[in-house]
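Participant: Once you've had a glance at the structure underneath, I'll fire off some questions.
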Amino acid sequence: MPNLTVWMSHGDSVSKLPADFVRIAHSDNTPYAAIANKAKRIYGVQFHPEVVNTQQGMDIINNFVYNIAGMPPTWNMKSFVTEAIDEIKSTVGNQKVLLALSGGVDSTTVAALLHKAIGKQLVCMFIDQGFMRKDEAKKIVELVNDNFKITLIHVDAADRFFKAIEGVSDPEQKRKLIGHEFISVFEEEAKKLKGEINFLAQGTLYPDVIESATSGVSKNAVKIKTHHNVGGLPEKMKFKVIEPLKRLFKDEVRLMGLELEVPERIVYRQPFPGPGLAIRIMGEVTRERVRVLQEADDIVMDEIKKAGLYRKVWQAFAVLLPIKTVGVMGDKRTYLHTIAVRVVTSQDAMTANWAHVPYEVLGEISTRIINEIPEINRVVYDITSKPPSTIEWE
Ligand code: XMP
């Protein structure tokens, strides 16, 4: 009998088989890891075939769906896109849709889909809070202008955001203030379009739907970090909402993006948090500190890409620490700030491991940060996984 490594929860287990069922797999701890009634074509597994840690999990699911249940693989991304476009067209008619664009894969894919479905009836809004990566805001505007001939409202709200979090060091406070400011700016700008816009499009994914459906169940769940998005706005502003990605997982959104010819650098872009660099600057966020972190972050990205690691890791970035340490440069004493470099591997960000980036690559990152950024005299590498740490530092 061949062996298979699987992930299995031992919290519950089958103690007695139903009539006419036989056992087809077991483990040292579980007499019935998989059971079957071959005549009725009913199969059950106690382990998780869907997780990457289960060997041949996809084969088990494929076999069940195609061979046992006899479901033909008629669903593919091309047909899904066609259906989604038809649905959007019939819902929206000749009305207008507003989309908040962040430059990430989800909102950009929604933009591409809506653009294909309703063309100029799509209005995109990009709110620049001033905490983007180096040159990122410029790239987002270029991307929209190069790829779609639609209205892009580019709101440069940096002054407001810096003011909103002036003097604030507490991470939760920062996140909340940024979230509130984002909603205020969006609301104000959207009001200017009143009468014109009927729908608000959102890049909600299936995991978000599951999470909000089950959040009432896990009453004991502790809030770790406040995430911000434009949730809550539609009710307040009386927009009707369309969420064309709500039946998709992230990897399917990427496929859709490719199908819609969204540039690969967006489709495979590493996740970037809504509050941006503000939560990678420990302590107070100032324009000057954002500029320093942008430079360090740009070097990390550049070296990770050069080393061919960009798509192999989940995220790579720099964090600016509020402490100063003593150093020596040339024959002078220095007393300057520290950059922490964080690179993690992960499947879904729920858990993550610190990446074993080759010493040569880390060395190059460190040398360049020290040589190119006069405000920094020390670079450290974060070697904690999640849990116990989180991916972001705040
Ligand atoms: P943590 O730090 O909780 O992050 O381990 C898990 C993943 O979520 C991203 N992240 C955010 N994404 N808005 C977002 O859209 C946020 O406020 C936010 N905070 C964290 C983080 O980059 C990581 O991929």
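Just remember, in the structure tokens the first chain shown is A, the second B, etc., residues are 1-based per chain, and ligands are 1-based in the order shown.
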Write down as a list in words the residues belonging to stretch 252-319 of chain A that are assigned strand (DSSP E) by DSSP computed on the backbone.

Facilitator: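 Answer for stretch 252-319 of chain A, restricted to strand (DSSP E): Gln315, Ala316, Phe317, Ala318 and Val319 of chain A.
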
Participant: 6 Å from ligand 1 is the threshold here; counting only C-alpha atoms and all ligand atoms, which polymer residues fall inside it? Answer as number ranges by chain.

Facilitator: A: 227-228, 271-275, 349, 390-392

Participant: Name all residues at most 12 Å from A:Asp170 (count only C-alpha atoms; drop same-chain ones fewer than 6 positions away) and give them as a list of chain:residue names.

Facilitator: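 Everything that qualifies: A:Lys176, A:Leu177, A:Lys225, A:Ala278, A:Ile279, A:Ile281, A:Met282, A:Gly283, A:Glu284, A:Val285, A:Trp393, A:Glu394.
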
Participant: Any chance you could export the current selection's all heavy atoms as a JSON list (two decimals), in the first residue's frame?

Facilitator:
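The file below, out_18.json, is the result:
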[["chain", "number", "residue", "atom", "x", "y", "z"],
["A", 176, "LYS", "N", -5.72, 53.72, 11.60],
["A", 176, "LYS", "CA", -7.09, 54.23, 11.67],
["A", 176, "LYS", "C", -7.19, 55.61, 11.03],
["A", 176, "LYS", "O", -8.10, 55.89, 10.25],
["A", 176, "LYS", "CB", -7.58, 54.27, 13.11],
["A", 176, "LYS", "CG", -7.93, 52.89, 13.59],
["A", 176, "LYS", "CD", -8.80, 52.93, 14.83],
["A", 176, "LYS", "CE", -9.19, 51.52, 15.21],
["A", 176, "LYS", "NZ", -8.79, 51.15, 16.54],
["A", 177, "LEU", "N", -6.23, 56.47, 11.37],
["A", 177, "LEU", "CA", -6.27, 57.83, 10.82],
["A", 177, "LEU", "C", -6.13, 57.80, 9.29],
["A", 177, "LEU", "O", -6.82, 58.53, 8.58],
["A", 177, "LEU", "CB", -5.15, 58.68, 11.44],
["A", 177, "LEU", "CG", -5.36, 59.04, 12.92],
["A", 177, "LEU", "CD1", -4.09, 59.63, 13.51],
["A", 177, "LEU", "CD2", -6.53, 60.01, 13.07],
["A", 225, "LYS", "N", -4.60, 43.67, 13.29],
["A", 225, "LYS", "CA", -4.30, 44.96, 12.66],
["A", 225, "LYS", "C", -5.56, 45.46, 11.96],
["A", 225, "LYS", "O", -6.30, 44.67, 11.38],
["A", 225, "LYS", "CB", -3.21, 44.81, 11.60],
["A", 225, "LYS", "CG", -1.86, 44.50, 12.16],
["A", 225, "LYS", "CD", -0.85, 44.27, 11.06],
["A", 225, "LYS", "CE", 0.44, 43.79, 11.68],
["A", 225, "LYS", "NZ", 1.48, 43.54, 10.70],
["A", 278, "ALA", "N", 3.80, 54.23, 5.32],
["A", 278, "ALA", "CA", 3.55, 54.80, 6.66],
["A", 278, "ALA", "C", 3.66, 53.74, 7.74],
["A", 278, "ALA", "O", 4.06, 54.03, 8.86],
["A", 278, "ALA", "CB", 2.18, 55.46, 6.70],
["A", 279, "ILE", "N", 3.31, 52.47, 7.41],
["A", 279, "ILE", "CA", 3.39, 51.43, 8.44],
["A", 279, "ILE", "C", 4.72, 50.67, 8.37],
["A", 279, "ILE", "O", 4.91, 49.66, 9.02],
["A", 279, "ILE", "CB", 2.19, 50.44, 8.37],
["A", 279, "ILE", "CG1", 2.06, 49.84, 6.97],
["A", 279, "ILE", "CG2", 0.90, 51.15, 8.77],
["A", 279, "ILE", "CD1", 1.28, 48.55, 6.95],
["A", 281, "ILE", "N", 7.44, 52.75, 8.57],
["A", 281, "ILE", "CA", 8.28, 53.74, 9.24],
["A", 281, "ILE", "C", 7.89, 53.69, 10.71],
["A", 281, "ILE", "O", 6.78, 54.07, 11.08],
["A", 281, "ILE", "CB", 8.02, 55.15, 8.65],
["A", 281, "ILE", "CG1", 8.53, 55.19, 7.22],
["A", 281, "ILE", "CG2", 8.70, 56.23, 9.51],
["A", 281, "ILE", "CD1", 8.21, 56.47, 6.47],
["A", 282, "MET", "N", 8.78, 53.16, 11.53],
["A", 282, "MET", "CA", 8.45, 53.06, 12.95],
["A", 282, "MET", "C", 8.55, 54.46, 13.53],
["A", 282, "MET", "O", 9.50, 55.18, 13.27],
["A", 282, "MET", "CB", 9.43, 52.13, 13.67],
["A", 282, "MET", "CG", 9.59, 50.73, 13.06],
["A", 282, "MET", "SD", 8.04, 49.81, 12.96],
["A", 282, "MET", "CE", 7.60, 50.05, 11.25],
["A", 283, "GLY", "N", 7.56, 54.81, 14.34],
["A", 283, "GLY", "CA", 7.57, 56.15, 14.90],
["A", 283, "GLY", "C", 6.89, 57.13, 13.96],
["A", 283, "GLY", "O", 6.10, 56.74, 13.09],
["A", 284, "GLU", "N", 7.21, 58.39, 14.12],
["A", 284, "GLU", "CA", 6.51, 59.44, 13.37],
["A", 284, "GLU", "C", 6.84, 59.37, 11.87],
["A", 284, "GLU", "O", 7.96, 59.08, 11.48],
["A", 284, "GLU", "CB", 6.92, 60.81, 13.92],
["A", 284, "GLU", "CG", 6.00, 61.90, 13.40],
["A", 284, "GLU", "CD", 6.47, 63.30, 13.80],
["A", 284, "GLU", "OE1", 7.40, 63.42, 14.60],
["A", 284, "GLU", "OE2", 5.89, 64.26, 13.26],
["A", 285, "VAL", "N", 5.82, 59.66, 11.06],
["A", 285, "VAL", "CA", 6.00, 59.65, 9.61],
["A", 285, "VAL", "C", 6.15, 61.08, 9.10],
["A", 285, "VAL", "O", 5.24, 61.89, 9.28],
["A", 285, "VAL", "CB", 4.78, 58.99, 8.92],
["A", 285, "VAL", "CG1", 4.96, 58.94, 7.41],
["A", 285, "VAL", "CG2", 4.55, 57.59, 9.47],
["A", 393, "TRP", "N", 5.69, 45.40, 9.83],
["A", 393, "TRP", "CA", 6.16, 45.67, 11.21],
["A", 393, "TRP", "C", 5.14, 46.43, 12.04],
["A", 393, "TRP", "O", 5.28, 46.55, 13.24],
["A", 393, "TRP", "CB", 7.49, 46.44, 11.14],
["A", 393, "TRP", "CG", 8.68, 45.54, 10.95],
["A", 393, "TRP", "CD1", 8.76, 44.46, 10.14],
["A", 393, "TRP", "CD2", 9.97, 45.64, 11.60],
["A", 393, "TRP", "NE1", 10.00, 43.88, 10.22],
["A", 393, "TRP", "CE2", 10.77, 44.60, 11.11],
["A", 393, "TRP", "CE3", 10.52, 46.52, 12.52],
["A", 393, "TRP", "CZ2", 12.08, 44.39, 11.52],
["A", 393, "TRP", "CZ3", 11.82, 46.33, 12.93],
["A", 393, "TRP", "CH2", 12.59, 45.27, 12.43],
["A", 394, "GLU", "N", 4.13, 46.98, 11.40],
["A", 394, "GLU", "CA", 3.09, 47.68, 12.18],
["A", 394, "GLU", "C", 1.72, 47.24, 11.70],
["A", 394, "GLU", "O", 1.54, 46.94, 10.52],
["A", 394, "GLU", "CB", 3.21, 49.21, 12.02],
["A", 394, "GLU", "CG", 4.39, 49.78, 12.77],
["A", 394, "GLU", "CD", 4.33, 51.31, 12.85],
["A", 394, "GLU", "OE1", 3.63, 51.93, 12.03],
["A", 394, "GLU", "OE2", 5.00, 51.86, 13.73]]

Participant: Compile the contact shell of A:Asn29 as an NGL selection string: residues with an atom at most 12 Å away, counting only C-alpha atoms, same-chain residues fewer than 3 positions apart removed.

Facilitator: :A and (8-15 or 25-26 or 32-33 or 46)

Participant: Under the rule that only C-alpha atoms are counted, which of A:Ala19, A:Ile304, A:Leu277, A:Ile266 is the nearest residue to A:Lys174?

Facilitator: A:Leu277

Participant: State, in Å with one decimal place, the distance from atom CA of A:Val105 to atom CA of A:Val267.

Facilitator: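 Here the two named atoms are 5.3 Å from each other.
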
Participant: Taking into account only C-alpha atoms, which residue in the set A:Glu295, A:Glu264, A:Asp86, A:Asp59 is nearest to A:Lys116?

Facilitator: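 Residue with the minimum atom-to-atom distance to A:Lys116: A:Asp86.
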
Participant: Per DSSP on the backbone, what are the helix (DSSP H, G or I) residues of stretch 273-375 of chain A, as a VMD selection string?

Facilitator: chain A and resid 276 to 280 287 to 306 359 to 372

Participant: So that I have them on file, write out the residues from the current selection with N, CA and C atoms, as a short mmCIF file (atom, residue, chain, number, x, y, z; two decimals), in the first residue's frame.

Facilitator:
data_model
loop_
_atom_site.label_atom_id
_atom_site.label_comp_id
_atom_site.auth_asym_id
_atom_site.auth_seq_id
_atom_site.Cartn_x
_atom_site.Cartn_y
_atom_site.Cartn_z
N GLY A 276 0.51 51.81 3.01
CA GLY A 276 1.80 52.04 2.35
C GLY A 276 2.99 52.13 3.29
N LEU A 277 3.93 52.98 2.91
CA LEU A 277 5.18 53.08 3.67
C LEU A 277 4.97 53.64 5.08
N ALA A 278 3.80 54.23 5.32
CA ALA A 278 3.55 54.80 6.66
C ALA A 278 3.66 53.74 7.74
N ILE A 279 3.31 52.47 7.41
CA ILE A 279 3.39 51.43 8.44
C ILE A 279 4.72 50.67 8.37
N ARG A 280 5.64 51.20 7.52
CA ARG A 280 7.00 50.64 7.51
C ARG A 280 7.99 51.66 8.05
N ARG A 287 7.74 63.62 5.72
CA ARG A 287 8.10 63.55 4.29
C ARG A 287 9.53 63.08 4.11
N GLU A 288 10.41 63.60 4.97
CA GLU A 288 11.82 63.27 4.88
C GLU A 288 12.05 61.77 5.13
N ARG A 289 11.35 61.24 6.12
CA ARG A 289 11.54 59.83 6.45
C ARG A 289 10.95 58.94 5.35
N VAL A 290 9.85 59.39 4.73
CA VAL A 290 9.28 58.63 3.61
C VAL A 290 10.29 58.60 2.46
N ARG A 291 10.93 59.75 2.23
CA ARG A 291 11.90 59.82 1.13
C ARG A 291 13.07 58.86 1.38
N VAL A 292 13.57 58.82 2.61
CA VAL A 292 14.68 57.92 2.94
C VAL A 292 14.25 56.46 2.74
N LEU A 293 13.05 56.13 3.23
CA LEU A 293 12.59 54.74 3.09
C LEU A 293 12.36 54.39 1.62
N GLN A 294 11.83 55.33 0.85
CA GLN A 294 11.62 55.05 -0.59
C GLN A 294 12.93 54.66 -1.26
N GLU A 295 14.00 55.36 -0.91
CA GLU A 295 15.31 55.05 -1.51
C GLU A 295 15.76 53.65 -1.11
N ALA A 296 15.65 53.33 0.19
CA ALA A 296 16.10 52.02 0.67
C ALA A 296 15.25 50.91 0.05
N ASP A 297 13.94 51.15 0.00
CA ASP A 297 13.01 50.16 -0.53
C ASP A 297 13.29 49.90 -2.02
N ASP A 298 13.64 50.97 -2.72
CA ASP A 298 13.93 50.85 -4.14
C ASP A 298 15.18 49.97 -4.36
N ILE A 299 16.16 50.12 -3.48
CA ILE A 299 17.37 49.30 -3.59
C ILE A 299 17.04 47.82 -3.31
N VAL A 300 16.22 47.58 -2.27
CA VAL A 300 15.84 46.20 -1.95
C VAL A 300 15.14 45.56 -3.16
N MET A 301 14.16 46.28 -3.72
CA MET A 301 13.42 45.77 -4.88
C MET A 301 14.35 45.46 -6.04
N ASP A 302 15.23 46.41 -6.30
CA ASP A 302 16.14 46.29 -7.43
C ASP A 302 17.03 45.05 -7.30
N GLU A 303 17.62 44.87 -6.11
CA GLU A 303 18.54 43.74 -5.92
C GLU A 303 17.79 42.41 -5.90
N ILE A 304 16.58 42.41 -5.33
CA ILE A 304 15.79 41.17 -5.30
C ILE A 304 15.40 40.78 -6.74
N LYS A 305 15.07 41.77 -7.54
CA LYS A 305 14.73 41.49 -8.95
C LYS A 305 15.96 40.99 -9.70
N LYS A 306 17.09 41.68 -9.49
CA LYS A 306 18.32 41.29 -10.19
C LYS A 306 18.71 39.86 -9.85
N TYR A 359 23.51 35.20 1.07
CA TYR A 359 24.31 36.23 1.73
C TYR A 359 24.80 37.28 0.73
N GLU A 360 25.14 36.84 -0.49
CA GLU A 360 25.68 37.79 -1.48
C GLU A 360 24.64 38.86 -1.79
N VAL A 361 23.37 38.43 -1.90
CA VAL A 361 22.32 39.39 -2.24
C VAL A 361 22.10 40.34 -1.06
N LEU A 362 22.06 39.78 0.15
CA LEU A 362 21.90 40.63 1.34
C LEU A 362 23.07 41.60 1.45
N GLY A 363 24.27 41.10 1.13
CA GLY A 363 25.47 41.94 1.21
C GLY A 363 25.38 43.11 0.25
N GLU A 364 24.91 42.83 -0.97
CA GLU A 364 24.79 43.87 -1.99
C GLU A 364 23.75 44.92 -1.56
N ILE A 365 22.64 44.43 -1.00
CA ILE A 365 21.59 45.36 -0.52
C ILE A 365 22.18 46.27 0.55
N SER A 366 22.89 45.68 1.50
CA SER A 366 23.46 46.45 2.61
C SER A 366 24.47 47.48 2.09
N THR A 367 25.39 47.03 1.24
CA THR A 367 26.41 47.95 0.73
C THR A 367 25.78 49.12 0.00
N ARG A 368 24.80 48.82 -0.85
CA ARG A 368 24.18 49.90 -1.63
C ARG A 368 23.42 50.88 -0.73
N ILE A 369 22.70 50.35 0.27
CA ILE A 369 21.95 51.26 1.15
C ILE A 369 22.92 52.19 1.88
N ILE A 370 24.00 51.63 2.39
CA ILE A 370 24.97 52.46 3.13
C ILE A 370 25.65 53.47 2.20
N ASN A 371 26.02 53.02 1.01
CA ASN A 371 26.73 53.93 0.09
C ASN A 371 25.83 54.99 -0.51
N GLU A 372 24.56 54.64 -0.75
CA GLU A 372 23.70 55.56 -1.51
C GLU A 372 22.80 56.42 -0.63
#
